[in-house]
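Structure file final06.cif with mmCIF, C-alpha atoms:
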data_model
#
loop_
_atom_site.label_atom_id
_atom_site.label_comp_id
_atom_site.auth_asym_id
_atom_site.auth_seq_id
_atom_site.Cartn_x
_atom_site.Cartn_y
_atom_site.Cartn_z
CA MET A 6 -35.24 36.40 20.68
CA ILE A 7 -34.62 33.49 18.32
CA SER A 8 -35.74 34.09 14.76
CA THR A 9 -37.80 31.47 12.96
CA LEU A 10 -35.74 29.24 10.69
CA PRO A 11 -36.85 28.62 7.11
CA MET A 12 -38.43 25.22 6.50
CA LYS A 13 -35.40 23.92 4.58
CA MET A 14 -33.36 24.34 7.79
CA GLU A 15 -35.69 22.31 10.00
CA LYS A 16 -34.18 18.94 9.13
CA PRO A 17 -30.56 20.06 9.64
CA LEU A 18 -31.62 21.63 12.94
CA SER A 19 -33.25 18.40 14.16
CA ILE A 20 -30.11 16.46 13.18
CA PHE A 21 -27.96 18.98 15.01
CA LYS A 22 -30.11 18.87 18.15
CA LYS A 23 -30.11 15.09 18.27
CA ALA A 24 -26.34 14.83 17.85
CA TYR A 25 -25.80 17.66 20.33
CA GLU A 26 -27.94 15.96 23.00
CA GLU A 27 -26.15 12.64 22.42
CA GLY A 28 -22.86 14.46 22.87
CA LEU A 29 -24.06 15.86 26.20
CA GLN A 30 -25.28 12.52 27.49
CA LYS A 31 -22.68 10.04 26.21
CA ASP A 32 -18.98 9.65 26.82
CA THR A 33 -17.27 9.53 23.43
CA SER A 34 -13.76 10.15 24.75
CA ASN A 35 -12.86 6.58 25.64
CA PHE A 36 -12.06 4.69 22.46
CA GLU A 37 -11.14 1.52 24.34
CA SER A 38 -14.52 1.30 26.06
CA TRP A 39 -16.33 2.00 22.80
CA ILE A 40 -14.42 -0.65 20.86
CA ASN A 41 -14.65 -3.26 23.62
CA LYS A 42 -18.42 -3.36 23.37
CA PHE A 43 -17.96 -4.93 19.93
CA GLY A 44 -15.66 -7.56 21.40
CA LEU A 45 -12.57 -6.04 19.78
CA ASN A 46 -9.13 -5.78 21.35
CA SER A 47 -8.14 -2.12 21.12
CA ILE A 48 -4.41 -2.90 21.30
CA LEU A 49 -4.57 -5.32 18.38
CA LEU A 50 -6.71 -2.86 16.45
CA ASP A 51 -3.74 -0.51 16.21
CA LYS A 52 -2.10 -3.19 14.03
CA PHE A 53 -5.24 -3.63 11.91
CA VAL A 54 -3.75 -2.11 8.77
CA ASN A 55 -0.05 -2.92 8.84
CA SER A 56 0.25 -6.31 10.52
CA VAL A 57 1.69 -9.01 8.26
CA GLU A 58 2.96 -11.27 11.04
CA ASP A 59 0.05 -13.72 11.26
CA ILE A 60 0.37 -16.39 8.61
CA GLU A 61 -3.24 -17.45 9.11
CA LEU A 62 -4.38 -14.05 7.87
CA PHE A 63 -2.84 -14.69 4.46
CA PHE A 64 -4.93 -16.55 1.90
CA ASN A 65 -5.80 -16.87 -1.80
CA ARG A 66 -2.20 -16.89 -3.00
CA ASN A 67 -1.80 -20.66 -3.11
CA GLN A 68 -0.85 -20.74 -6.81
CA GLU A 69 1.90 -18.21 -6.24
CA ILE A 70 3.16 -20.12 -3.19
CA GLU A 71 3.28 -23.33 -5.26
CA ARG A 72 5.30 -21.68 -8.04
CA ILE A 73 7.78 -20.23 -5.56
CA ALA A 74 8.13 -23.56 -3.73
CA GLN A 75 8.93 -25.34 -7.02
CA PHE A 76 11.46 -22.65 -7.88
CA THR A 77 13.29 -22.98 -4.57
CA GLY A 78 13.36 -26.77 -4.87
CA VAL A 79 14.81 -26.65 -8.40
CA GLN A 80 17.44 -24.09 -7.47
CA GLU A 81 18.59 -26.08 -4.46
CA ARG A 82 18.83 -29.28 -6.51
CA GLN A 83 20.81 -27.57 -9.27
CA LYS A 84 22.94 -25.64 -6.78
CA LYS A 85 23.15 -22.50 -8.91
CA PHE A 86 22.12 -18.87 -8.86
CA GLY A 87 18.47 -18.12 -9.52
CA TYR A 88 15.82 -15.54 -8.89
CA VAL A 89 12.07 -15.07 -9.11
CA ASN A 90 10.33 -11.69 -9.22
CA LEU A 91 7.07 -10.81 -7.47
CA VAL A 92 5.47 -7.78 -9.11
CA GLY A 93 2.48 -5.85 -7.84
CA ALA A 94 1.23 -2.39 -6.95
CA LYS A 95 1.85 -0.98 -3.49
CA GLY A 96 -0.51 -2.48 -0.92
CA ILE A 97 -1.31 -5.56 -3.02
CA GLY A 98 0.29 -8.00 -0.56
CA LYS A 99 3.91 -8.54 -1.65
CA THR A 100 5.30 -8.16 1.86
CA SER A 101 2.65 -10.50 3.27
CA LEU A 102 3.52 -13.13 0.67
CA LEU A 103 7.24 -12.85 1.44
CA ASN A 104 6.45 -13.25 5.12
CA VAL A 105 4.55 -16.47 4.41
CA ILE A 106 7.36 -17.82 2.21
CA PHE A 107 9.87 -17.02 4.94
CA LYS A 108 7.92 -18.98 7.55
CA LEU A 109 7.19 -21.94 5.26
CA TYR A 110 10.77 -22.26 4.01
CA ASN A 111 12.17 -21.85 7.51
CA GLN A 112 10.07 -24.81 8.68
CA ILE A 113 11.72 -27.02 6.07
CA ASN A 114 15.23 -25.51 6.23
CA PRO A 115 15.66 -23.80 9.61
CA ASN A 116 17.98 -20.78 9.71
CA SER A 117 18.59 -20.92 5.94
CA VAL A 118 16.44 -17.99 4.86
CA VAL A 119 16.70 -14.27 5.49
CA SER A 120 14.34 -11.41 4.64
CA ILE A 121 15.77 -7.96 3.91
CA SER A 122 14.08 -4.67 3.14
CA SER A 123 15.30 -2.36 0.41
CA GLU A 124 16.34 0.16 3.08
CA LYS A 125 18.89 -2.36 4.34
CA PHE A 126 20.87 -2.02 1.13
CA ALA A 127 21.34 1.70 1.71
CA GLU A 128 23.64 0.84 4.61
CA TYR A 129 26.14 -0.36 2.04
CA SER A 130 25.96 2.67 -0.25
CA SER A 131 29.08 4.33 -1.60
CA ASP A 132 30.69 6.68 0.92
CA ASN A 133 31.51 9.26 -1.76
CA SER A 134 28.03 9.51 -3.25
CA GLY A 135 26.55 13.01 -3.11
CA GLU A 136 23.75 14.00 -0.76
CA ASP A 137 21.25 14.24 -3.61
CA GLU A 138 22.39 11.06 -5.34
CA GLU A 139 20.60 7.74 -5.04
CA PRO A 140 22.53 5.10 -3.04
CA ILE A 141 24.75 2.70 -4.95
CA PHE A 142 24.16 -0.77 -3.50
CA TYR A 143 27.00 -3.29 -3.15
CA PHE A 144 25.56 -6.77 -2.78
CA GLU A 145 28.94 -8.45 -2.25
CA VAL A 146 28.99 -7.03 1.29
CA PHE A 147 25.77 -8.54 2.51
CA LEU A 148 26.28 -11.73 0.47
CA GLU A 149 29.46 -12.35 2.43
CA GLU A 150 27.60 -11.72 5.69
CA LEU A 151 24.80 -14.09 4.62
CA LYS A 152 26.96 -16.83 3.13
CA ASP A 153 25.31 -19.49 5.31
CA LYS A 154 21.84 -18.63 3.96
CA LYS A 155 20.25 -20.42 0.99
CA LEU A 156 17.25 -18.23 0.26
CA ILE A 157 17.24 -14.43 0.37
CA LEU A 158 13.97 -12.51 0.28
CA ILE A 159 14.24 -8.86 -0.77
CA ASP A 160 11.23 -6.62 -0.28
CA GLU A 161 10.43 -3.46 -2.29
CA CYS A 162 13.36 -3.53 -4.71
CA GLU A 163 14.35 -0.33 -6.42
CA LYS A 164 17.65 -1.51 -7.84
CA ASP A 165 19.14 -4.62 -9.42
CA SER A 166 19.77 -7.46 -6.98
CA LEU A 167 22.21 -10.12 -8.20
CA GLY A 168 24.59 -12.51 -6.50
CA ASP A 169 25.65 -16.14 -6.26
CA LYS A 170 22.60 -17.37 -4.35
CA PHE A 171 18.93 -17.49 -5.24
CA PHE A 172 16.49 -14.77 -4.49
CA ILE A 173 12.82 -13.95 -4.27
CA LEU A 174 12.48 -10.25 -5.01
CA SER A 175 9.38 -8.11 -4.70
CA TRP A 176 8.92 -5.15 -7.00
CA ARG A 177 6.48 -2.38 -7.56
CA PRO A 178 5.72 -2.38 -11.32
CA ILE A 179 7.41 0.95 -12.03
CA HIS A 180 10.77 -0.25 -10.69
CA PHE A 181 10.53 -3.72 -12.21
CA ASN A 182 9.92 -2.31 -15.68
CA LYS A 183 12.96 -0.05 -15.36
CA PHE A 184 15.02 -3.03 -14.24
CA LYS A 185 13.81 -5.08 -17.22
CA ILE A 186 14.84 -2.36 -19.67
CA GLU A 187 18.32 -2.06 -18.17
CA TYR A 188 18.98 -5.82 -18.05
CA GLN A 189 16.89 -7.26 -20.89
CA ASP A 190 20.00 -8.28 -22.83
CA LYS A 191 21.58 -10.07 -19.87
CA LEU A 192 18.70 -11.70 -18.04
CA ASN A 193 15.48 -13.49 -18.87
CA LEU A 194 13.06 -11.25 -17.02
CA GLU A 195 9.88 -11.94 -18.94
CA GLU A 196 8.83 -14.55 -16.40
CA CYS A 197 7.54 -13.05 -13.20
CA ILE A 198 4.76 -13.67 -10.72
CA LEU A 199 2.24 -10.86 -11.04
CA LEU A 200 0.17 -10.34 -7.91
CA LYS A 201 -3.27 -9.36 -9.11
CA PRO A 202 -5.88 -7.48 -7.06
CA PHE A 203 -8.39 -9.56 -5.11
CA ASP A 204 -12.02 -9.68 -6.17
CA LYS A 205 -14.76 -8.25 -3.95
CA SER A 206 -15.54 -11.53 -2.21
CA GLU A 207 -11.86 -12.11 -1.39
CA ILE A 208 -11.48 -8.61 0.09
CA SER A 209 -14.62 -9.14 2.14
CA GLU A 210 -13.25 -12.45 3.41
CA LEU A 211 -9.94 -10.78 4.28
CA LEU A 212 -11.71 -8.13 6.36
CA LYS A 213 -13.84 -10.72 8.16
CA THR A 214 -10.77 -12.85 8.90
CA ARG A 215 -8.86 -9.88 10.26
CA LEU A 216 -11.82 -8.78 12.42
CA LYS A 217 -12.16 -12.29 13.84
CA LYS A 218 -8.49 -12.24 14.77
CA LEU A 219 -9.06 -9.03 16.73
CA LYS A 220 -12.04 -10.35 18.67
CA ILE A 221 -11.49 -10.87 22.36
CA ASP A 222 -13.88 -13.83 22.50
CA ASN A 223 -13.01 -15.04 18.96
CA LYS A 224 -16.71 -15.19 18.03
CA GLU A 225 -17.92 -15.21 14.45
CA SER A 226 -18.95 -11.56 14.26
CA ILE A 227 -18.20 -8.70 11.87
CA SER A 228 -19.29 -5.95 14.27
CA PRO A 229 -18.91 -2.99 14.32
CA PHE A 230 -19.42 -3.42 10.56
CA ASN A 231 -22.42 -4.87 8.81
CA GLU A 232 -22.55 -6.73 5.50
CA GLU A 233 -23.45 -3.55 3.59
CA SER A 234 -20.51 -1.52 4.88
CA LEU A 235 -18.03 -4.37 4.30
CA SER A 236 -19.36 -4.83 0.78
CA LEU A 237 -18.87 -1.14 0.06
CA ILE A 238 -15.29 -1.21 1.36
CA SER A 239 -14.61 -4.24 -0.84
CA GLU A 240 -15.87 -2.30 -3.84
CA LEU A 241 -14.07 0.98 -3.11
CA SER A 242 -10.73 -0.70 -2.36
CA GLN A 243 -10.53 -2.07 -5.94
CA GLY A 244 -9.06 -5.33 -4.71
CA ILE A 245 -6.10 -3.74 -2.89
CA PRO A 246 -5.81 -5.30 0.61
CA LYS A 247 -3.91 -2.37 2.15
CA LEU A 248 -6.52 0.11 0.97
CA ALA A 249 -9.39 -2.05 2.24
CA LEU A 250 -7.79 -2.31 5.68
CA SER A 251 -7.02 1.41 5.76
CA LEU A 252 -10.60 2.38 4.87
CA SER A 253 -11.93 -0.03 7.48
CA TYR A 254 -9.74 1.33 10.25
CA LYS A 255 -10.55 4.95 9.43
CA ALA A 256 -14.27 4.13 9.27
CA ILE A 257 -14.05 2.60 12.76
CA LYS A 258 -12.38 5.75 14.11
CA LYS A 259 -14.97 7.92 12.37
CA SER A 260 -17.83 5.95 13.91
CA PHE A 261 -16.24 6.18 17.36
CA HIS A 262 -16.10 9.98 17.19
CA LEU A 263 -19.79 9.98 16.24
CA ASN A 264 -20.53 7.37 18.93
CA ASN A 265 -22.41 5.24 16.40
CA GLU A 266 -23.65 1.75 17.13
CA VAL A 267 -22.39 0.40 13.80
CA VAL A 268 -20.06 1.35 10.96
CA SER A 269 -22.60 2.04 8.24
CA ARG A 270 -22.27 2.67 4.51
CA ARG A 271 -22.58 6.38 5.26
CA GLU A 272 -19.45 6.41 7.44
CA VAL A 273 -17.50 4.44 4.83
CA LEU A 274 -18.53 6.88 2.09
CA ASN A 275 -17.70 9.86 4.29
CA VAL A 276 -14.22 8.52 5.01
CA TYR A 277 -13.66 7.75 1.33
CA LYS A 278 -14.55 11.33 0.48
CA GLU A 279 -12.93 13.14 3.41
CA GLU A 280 -9.61 11.30 3.02
CA GLY A 281 -9.46 12.36 -0.63
CA PHE A 282 -9.92 8.98 -2.30
CA GLU A 283 -13.03 10.07 -4.17
CA GLU A 284 -11.30 13.06 -5.80
CA VAL A 285 -8.24 10.99 -6.66
CA GLN A 286 -10.39 8.34 -8.32
CA GLU A 287 -12.21 10.97 -10.35
CA PHE A 288 -8.83 12.40 -11.36
CA ILE A 289 -7.65 8.95 -12.47
CA GLU A 290 -10.72 8.42 -14.60
CA LYS A 291 -9.99 11.67 -16.48
CA CYS A 292 -6.26 11.10 -16.94
CA THR A 293 -4.79 11.97 -20.32
CA PRO A 294 -1.65 10.41 -21.91
CA ILE A 295 0.35 13.47 -20.82
CA THR A 296 -0.88 13.14 -17.24
CA ARG A 297 0.09 9.46 -17.22
CA LYS A 298 3.61 10.31 -18.37
CA ILE A 299 3.97 12.88 -15.60
CA LEU A 300 2.61 10.46 -12.97
CA LYS A 301 5.06 7.80 -14.16
CA THR A 302 7.98 10.22 -13.88
CA VAL A 303 6.96 11.34 -10.39
CA LEU A 304 6.70 7.70 -9.29
CA LEU A 305 10.01 6.64 -10.79
CA ASP A 306 12.24 9.62 -10.07
CA SER A 307 10.96 10.87 -6.73
CA TYR A 308 13.44 8.87 -4.62
CA PRO A 309 14.12 9.90 -1.92
CA LYS A 310 12.69 13.40 -1.47
CA GLY A 311 10.74 14.04 -4.67
CA VAL A 312 11.25 15.23 -8.23
CA SER A 313 11.49 18.81 -9.47
CA ILE A 314 9.50 20.44 -12.26
CA ASP A 315 12.67 20.77 -14.34
CA LYS A 316 13.38 17.05 -14.04
CA ILE A 317 9.80 16.15 -14.97
CA ALA A 318 9.87 18.51 -17.95
CA GLU A 319 13.10 16.92 -19.16
CA GLU A 320 11.80 13.35 -18.80
CA VAL A 321 8.43 13.91 -20.51
CA ASP A 322 9.80 16.40 -23.07
CA LEU A 323 7.41 19.21 -22.20
CA ASP A 324 7.89 22.84 -21.21
CA ARG A 325 7.76 23.87 -17.55
CA THR A 326 4.48 25.74 -17.98
CA THR A 327 2.68 22.63 -19.24
CA VAL A 328 4.15 20.48 -16.49
CA PHE A 329 3.18 23.01 -13.82
CA TYR A 330 -0.38 23.10 -15.17
CA HIS A 331 -0.76 19.34 -14.69
CA LEU A 332 0.98 19.36 -11.33
CA GLN A 333 -1.36 22.09 -10.16
CA LYS A 334 -4.32 19.81 -10.89
CA MET A 335 -2.72 17.18 -8.70
CA ARG A 336 -2.02 19.70 -5.95
CA ASN A 337 -5.65 20.87 -6.01
CA ILE A 338 -6.83 17.39 -4.98
CA SER A 339 -3.97 16.98 -2.46
CA LEU A 340 -2.48 14.08 -4.43
CA LEU A 341 1.08 15.31 -3.89
CA ASN A 342 3.45 15.98 -1.05
CA GLU A 343 5.96 18.80 -1.52
CA ASN A 344 9.48 19.15 -0.18
CA TYR A 345 11.37 22.42 -0.37
CA SER A 346 15.11 22.84 -0.77
CA LYS A 347 16.30 26.41 -1.18
CA LYS A 348 14.28 27.69 -4.19
CA THR A 349 13.38 24.26 -5.60
CA VAL A 350 10.14 22.38 -4.95
CA TYR A 351 10.21 18.58 -5.09
CA PHE A 352 7.01 16.59 -5.66
CA LEU A 353 6.05 13.05 -4.71
CA ILE A 354 2.77 11.18 -4.54
CA LYS A 355 1.24 10.79 -1.08
CA GLU A 356 1.64 7.36 0.46
CA ASP A 357 -2.12 6.75 0.86
CA PHE A 358 -2.76 7.20 -2.86
CA LEU A 359 0.16 5.19 -4.22
CA PRO A 360 -1.82 1.91 -4.48
CA LEU A 361 -4.53 3.54 -6.63
CA ILE A 362 -2.05 5.38 -8.87
CA GLU A 363 0.20 2.37 -9.40
CA LYS A 364 -2.74 0.07 -10.09
CA TYR A 365 -4.12 2.53 -12.63
CA LEU A 366 -0.80 2.99 -14.44
CA TRP A 367 -0.17 -0.75 -14.53
CA GLU A 368 -3.61 -1.60 -15.89
CA SER A 369 -3.51 1.22 -18.44
CA ARG A 370 0.05 0.17 -19.38
CA GLY A 371 1.29 3.55 -18.30
CA ILE A 372 4.24 1.73 -16.73
#
Please, can you express the file's structure as structure tokens?
Amino acid sequence: MISTLPMKMEKPLSIFKKAYEEGLQKDTSNFESWINKFGLNSILLDKFVNSVEDIELFFNRNQEIERIAQFTGVQERQKKFGYVNLVGAKGIGKTSLLNVIFKLYNQINPNSVVSISSEKFAEYSSDNSGEDEEPIFYFEVFLEELKDKKLILIDECEKDSLGDKFFILSWRPIHFNKFKIEYQDKLNLEECILLKPFDKSEISELLKTRLKKLKIDNKESISPFNEESLSLISELSQGIPKLALSLSYKAIKKSFHLNNEVVSRREVLNVYKEEGFEEVQEFIEKCTPITRKILKTVLLDSYPKGVSIDKIAEEVDLDRTTVFYHLQKMRNISLLNENYSKKTVYFLIKEDFLPLIEKYLWESRGI
């Protein structure tokens, strides 16, 4: 015998029944079939977030492109060493911009440009450096290998990058500021190209452009989104392209599992909350000066496996108990990853939240 439910349970029960019946009647296991009904290519969708290969998907950086083009022209004419720094939070579009510059320069000077990631430098690290030491990069090695190249693009710098050619270097703010402090007496580093976040309309246009690229029939359609859900993503992403694309992709997957006919505002909000972005944003809004100092230290000193409580305490000049108290707050909202080595715990900020943390620290001049 089924007992009578209280009135306040009637609405949840009706929702449950409806979803349960839909689950019995509809096939929600085939993501490809579900996504194809919106005219989307499921294979291309897997590259929705990380693809930076299509130059037509890059826009609204024309001023930056013009400045870089003038720089390269001047350096070639003068035939001397030079460099220009691109600075911006993670996910802001530095790699995409470098990819565009590579393709544009290569059209004018074929086979005269090379793009290298920061990981490439680690291949030339000192053989006698300890396991826990950061790599020491020797640029003479790769400069000799690349002697026939004019322009060298270096993505995600974490160390100084000098040589006898001219460079375009991309930096996250935390590493660029450290570099400036170390070399302020030797180099003029005040001039840099700061990549600012997009506004809401630009993020919305980015999402629409990317969706169009994924359409099988190339029709002007934003399905499975609607204008309301795209507008909300544009707002929640705070102008960070990588975050906007990530939220969009996760909202699509969420809607598939619910077998919805559209990605609504509700799904976007649910993803934003379930993935932890809401809690992290609330944490950011309540940050104190001490918390900012700890965040800065974790960002700067966590290469490659994280930073210990003792190291943080030393850098911010606080006792271990105080540092642990603040770290515990971050752990409670799953902001941190933890690596264990013997009896030591090493902390680093989770990849998904780096854009929000770096943007906050930069705008609050925490870095």
> Applied to this file, what does the PyMOL selection byres ((chain A and resi 342) around 9) return in terms of residues, put as a ChimeraX atom specification?
Replying inline: /A:311,336,339-341,343-344,351-356
The selected residues should be written to file as an mmCIF file, keeping the file's coordinate frame (atoms: C-alpha atoms).
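Here's the written file out_22.cif:
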data_model
loop_
_atom_site.group_PDB
_atom_site.id
_atom_site.type_symbol
_atom_site.label_atom_id
_atom_site.label_comp_id
_atom_site.auth_asym_id
_atom_site.auth_seq_id
_atom_site.Cartn_x
_atom_site.Cartn_y
_atom_site.Cartn_z
ATOM 1 C CA GLY A 311 10.740 14.040 -4.670
ATOM 2 C CA ARG A 336 -2.020 19.700 -5.950
ATOM 3 C CA SER A 339 -3.970 16.980 -2.460
ATOM 4 C CA LEU A 340 -2.480 14.080 -4.430
ATOM 5 C CA LEU A 341 1.080 15.310 -3.890
ATOM 6 C CA GLU A 343 5.960 18.800 -1.520
ATOM 7 C CA ASN A 344 9.480 19.150 -0.180
ATOM 8 C CA TYR A 351 10.210 18.580 -5.090
ATOM 9 C CA PHE A 352 7.010 16.590 -5.660
ATOM 10 C CA LEU A 353 6.050 13.050 -4.710
ATOM 11 C CA ILE A 354 2.770 11.180 -4.540
ATOM 12 C CA LYS A 355 1.240 10.790 -1.080
ATOM 13 C CA GLU A 356 1.640 7.360 0.460
#
> What is the distance between CA of Val267 (chain A) and CA of Leu45 (chain A), in Å to one decimal?
Replying inline: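 Interatomic distance, CA of Val267 (chain A) to CA of Leu45 (chain A): 13.2 Å.
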> How would you write, as a ChimeraX atom specification, the residues chosen by the PyMOL selection byres ((chain A and resi 368) around 12) on this structure?
Replying inline: /A:93-94,178-179,199,201-202,289,297,361-367,369-372
>> Please enumerate the residues selected by the PyMOL selection byres ((chain A and resi 211) around 10) when evaluated against the supplied file, formatted as a ChimeraX atom specification.
In response: /A:62-65,203,205-210,212-217,239,246,249-250
>> One number please: CA of Leu359 (chain A) to CA of Glu290 (chain A), in Å, one decimal.
In response: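 One can read the CA of Leu359 (chain A) to CA of Glu290 (chain A) distance as 15.4 Å.
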> So what do you get for CA of Phe43 (chain A) versus CA of Pro229 (chain A), distance-wise?
Replying inline: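 CA of Phe43 (chain A) sits 6.0 Å away from CA of Pro229 (chain A).
Among the candidate residues A:Thr326, A:Ser251, A:Ser346, A:Asn111, the one lying nearest to Glu280 (chain A) is A:Ser251, with distances computed using only C-alpha atoms.
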>> Can you tell me which residues surround region 39-42 of chain A at a distance of at most 10 Å, considering only C-alpha atoms, apart from same-chain residues fewer than 5 positions away, and format the answer as a count of residues only?
In response: 17
> Which protein, DNA or RNA residues have an atom at most 12 Å from (17.3, -18.5, 0.2), counting only C-alpha atoms? List them as number ranges by chain.
Replying inline: A: 73-74, 76-78, 80-81, 84-89, 103, 106-111, 113-121, 148, 151-159, 168-174
Would you compute the box with edges along x, y and z of the file around region 247-260 of chain A, including every atom the file lists for it and 3 Å extra on each side, and give its centre and edge lengths in Å to one decimal, as JSON?
{"center_x": -10.9, "center_y": 2.8, "center_z": 7.5, "size_x": 19.9, "size_y": 16.3, "size_z": 19.1}
>> Residues within 8 Å of (10.8, -6.0, -9.9), file coordinates, counting only C-alpha atoms: what are they? Give the list as number ranges by chain.
In response: A: 90-92, 162-163, 174-178, 180-182, 184-185
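In this comparison, which uses all atoms listed in the file, the residue of A:Lys52, A:His331, A:Lys310, A:Arg271 approaching Lys298 (chain A) most closely is A:His331.
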